[in-house]
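Shown next, in structure tokens, is the structure this report addresses.
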Amino acid sequence: SPMTAAIEMLQEPVDNKFTLLNSYYEQTTECMRYLKDTYGLSKVCAMYLPTDFGFEISNATKAEAEGMGLTFVSETTHRPDDQDFVGAVQKLRADGCEIVTMALGVRAGITVVGTAKQLGWADVKFLATSAGFLEAVAAVPGGVTDGLYAAAGWVDLLARRDDPAP
């Protein structure tokens with residue numbers, strides 16, 4: 001029972017696997033649909049590390065955009081040790097991105113959203129998967145992560161702290 005939502009977990013044979021989450025692919029597409037329907041957005045882009053995880057997010061973004069009435073516009077790729085995202089954010093902004101799916105590390109994702117804010121780019125929605133769905137990300141001081149959405153197969157425990165079941 002690996003702790004992953006990788007799409008490979010859903011490949012045959014599945015009878016020897018136990019998974020609790022829908023795939024990163026599905027998380028990405030469902031949140032893209034949510035952002036499109038909720039905010040009337042139409043242009044989607046991707047930022048990712050060139051890894052299996054990154055390619056899953058990129059592939060989901062590209063393959064599913066048209067079917068849900070979105071236009072795939074642009075993408076940027078990154079190294080795991082990247083810390084400066086000014087150029088990438090400026091490129092995606094210039095390309096007209098309204099939704100940016102991300103397959104980056106948690107720290108990098110926070111940095112990207114903060115960089116966009118510092119550059120005055122507020123009319124964009126960033127999207128992470130369950131890999132970036134952490135209480136600590138939502139609690140970054142100063143509202144840095146406002147505008148960062150995460151799709152996951154569970155509801156955060158902090159949000160349910162008054163419910164006796166958790």
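Residue names in the structure tokens use chain letters A, B, ... in the order shown, residue numbers from 1 in each chain, and ligand numbers from 1 in the order shown.
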
Write out as a PDB file with all heavy atoms, in the first residue's frame each polymer residue whose atoms come within 9 Å of Trp121 (chain A), counting only C-alpha atoms; drop sequence neighbours fewer than 4 positions from it.
```
ATOM      1  N   VAL A  89       6.988  32.467 -14.115  1.00  0.00           N
ATOM      2  CA  VAL A  89       5.712  33.126 -13.807  1.00  0.00           C
ATOM      3  C   VAL A  89       5.435  34.233 -14.825  1.00  0.00           C
ATOM      4  O   VAL A  89       4.299  34.363 -15.313  1.00  0.00           O
ATOM      5  CB  VAL A  89       5.713  33.652 -12.352  1.00  0.00           C
ATOM      6  CG1 VAL A  89       4.536  34.581 -12.106  1.00  0.00           C
ATOM      7  CG2 VAL A  89       5.685  32.483 -11.369  1.00  0.00           C
ATOM      8  N   GLN A  90       6.436  34.996 -15.181  1.00  0.00           N
ATOM      9  CA  GLN A  90       6.242  36.053 -16.180  1.00  0.00           C
ATOM     10  C   GLN A  90       5.835  35.467 -17.529  1.00  0.00           C
ATOM     11  O   GLN A  90       4.975  36.023 -18.218  1.00  0.00           O
ATOM     12  CB  GLN A  90       7.509  36.893 -16.318  1.00  0.00           C
ATOM     13  CG  GLN A  90       7.754  37.791 -15.132  1.00  0.00           C
ATOM     14  CD  GLN A  90       9.081  38.528 -15.204  1.00  0.00           C
ATOM     15  OE1 GLN A  90      10.062  38.024 -15.743  1.00  0.00           O
ATOM     16  NE2 GLN A  90       9.115  39.740 -14.651  1.00  0.00           N
ATOM     17  N   ARG A  93       2.195  34.249 -17.305  1.00  0.00           N
ATOM     18  CA  ARG A  93       1.312  35.422 -17.271  1.00  0.00           C
ATOM     19  C   ARG A  93       1.175  36.015 -18.670  1.00  0.00           C
ATOM     20  O   ARG A  93       0.070  36.327 -19.120  1.00  0.00           O
ATOM     21  CB  ARG A  93       1.854  36.456 -16.295  1.00  0.00           C
ATOM     22  CG  ARG A  93       0.959  37.661 -16.143  1.00  0.00           C
ATOM     23  CD  ARG A  93       1.541  38.652 -15.163  1.00  0.00           C
ATOM     24  NE  ARG A  93       0.583  39.701 -14.859  1.00  0.00           N
ATOM     25  CZ  ARG A  93       0.829  40.717 -14.059  1.00  0.00           C
ATOM     26  NH1 ARG A  93       2.010  40.816 -13.465  1.00  0.00           N
ATOM     27  NH2 ARG A  93      -0.082  41.632 -13.844  1.00  0.00           N
ATOM     28  N   THR A 115       5.541  34.368  -5.697  1.00  0.00           N
ATOM     29  CA  THR A 115       6.165  35.133  -6.780  1.00  0.00           C
ATOM     30  C   THR A 115       5.096  35.807  -7.641  1.00  0.00           C
ATOM     31  O   THR A 115       5.231  36.983  -8.003  1.00  0.00           O
ATOM     32  CB  THR A 115       7.057  34.217  -7.643  1.00  0.00           C
ATOM     33  OG1 THR A 115       8.099  33.679  -6.823  1.00  0.00           O
ATOM     34  CG2 THR A 115       7.660  34.963  -8.814  1.00  0.00           C
ATOM     35  N   ALA A 116       4.041  35.077  -7.965  1.00  0.00           N
ATOM     36  CA  ALA A 116       2.951  35.666  -8.757  1.00  0.00           C
ATOM     37  C   ALA A 116       2.360  36.872  -8.037  1.00  0.00           C
ATOM     38  O   ALA A 116       2.113  37.920  -8.660  1.00  0.00           O
ATOM     39  CB  ALA A 116       1.872  34.618  -9.028  1.00  0.00           C
ATOM     40  N   LYS A 117       2.164  36.751  -6.742  1.00  0.00           N
ATOM     41  CA  LYS A 117       1.615  37.871  -5.964  1.00  0.00           C
ATOM     42  C   LYS A 117       2.574  39.066  -5.977  1.00  0.00           C
ATOM     43  O   LYS A 117       2.148  40.204  -6.147  1.00  0.00           O
ATOM     44  CB  LYS A 117       1.333  37.427  -4.540  1.00  0.00           C
ATOM     45  CG  LYS A 117       0.131  36.534  -4.414  1.00  0.00           C
ATOM     46  CD  LYS A 117      -0.158  36.275  -2.952  1.00  0.00           C
ATOM     47  CE  LYS A 117      -1.257  35.298  -2.697  1.00  0.00           C
ATOM     48  NZ  LYS A 117      -2.378  35.257  -3.503  1.00  0.00           N
TER      49      LYS A 117
END
```

Open item on the list: When you look at Cys97 (chain A) with a cut-off of 12 Å (counting only C-alpha atoms), what residues show up, excluding the ones that are within fewer than 4 positions of it in the same chain? I need them as a count of residues only.
Closed with: 28

- [ ] Compile the contact shell of region 148-160 of chain A as an MDAnalysis selection string: residues with an atom at most 10 Å away, counting only C-alpha atoms, same-chain residues fewer than 6 positions apart removed.
- [x] chainID A and resid 5 20:24 26:32 34:35 99:102 109:110 112:114 124:135 137:138 166

Task: Which of region 56-163 of chain A fall in strand (DSSP E or B), as an MDAnalysis selection string - done: chainID A and resid 71:77 99:103 125:128 148:150

TODO: Might you pull out every residue within 7 Å of Ala103 (chain A), with only C-alpha atoms counted and same-chain residues fewer than 3 positions away left off, and present them as a ChimeraX atom specification?
DONE: /A:47-49,53-54,57,128

TODO: Give the answer as one residue: which of A:Gln118, A:Tyr25, A:Leu104, A:Phe85 has the shortest atom-to-atom distance to Ala60 (chain A), using only C-alpha atoms?
DONE: A:Tyr25

Task: A:Asn59, A:Met68, A:Asp15, A:Arg161 ranked by distance to Asp37 (chain A), top pick (using only C-alpha atoms) - done: A:Met68

TODO: For CA of Glu64 (chain A) and CA of Gly40 (chain A), quote the distance in Å rounded to one decimal.
DONE: 16.6 Å
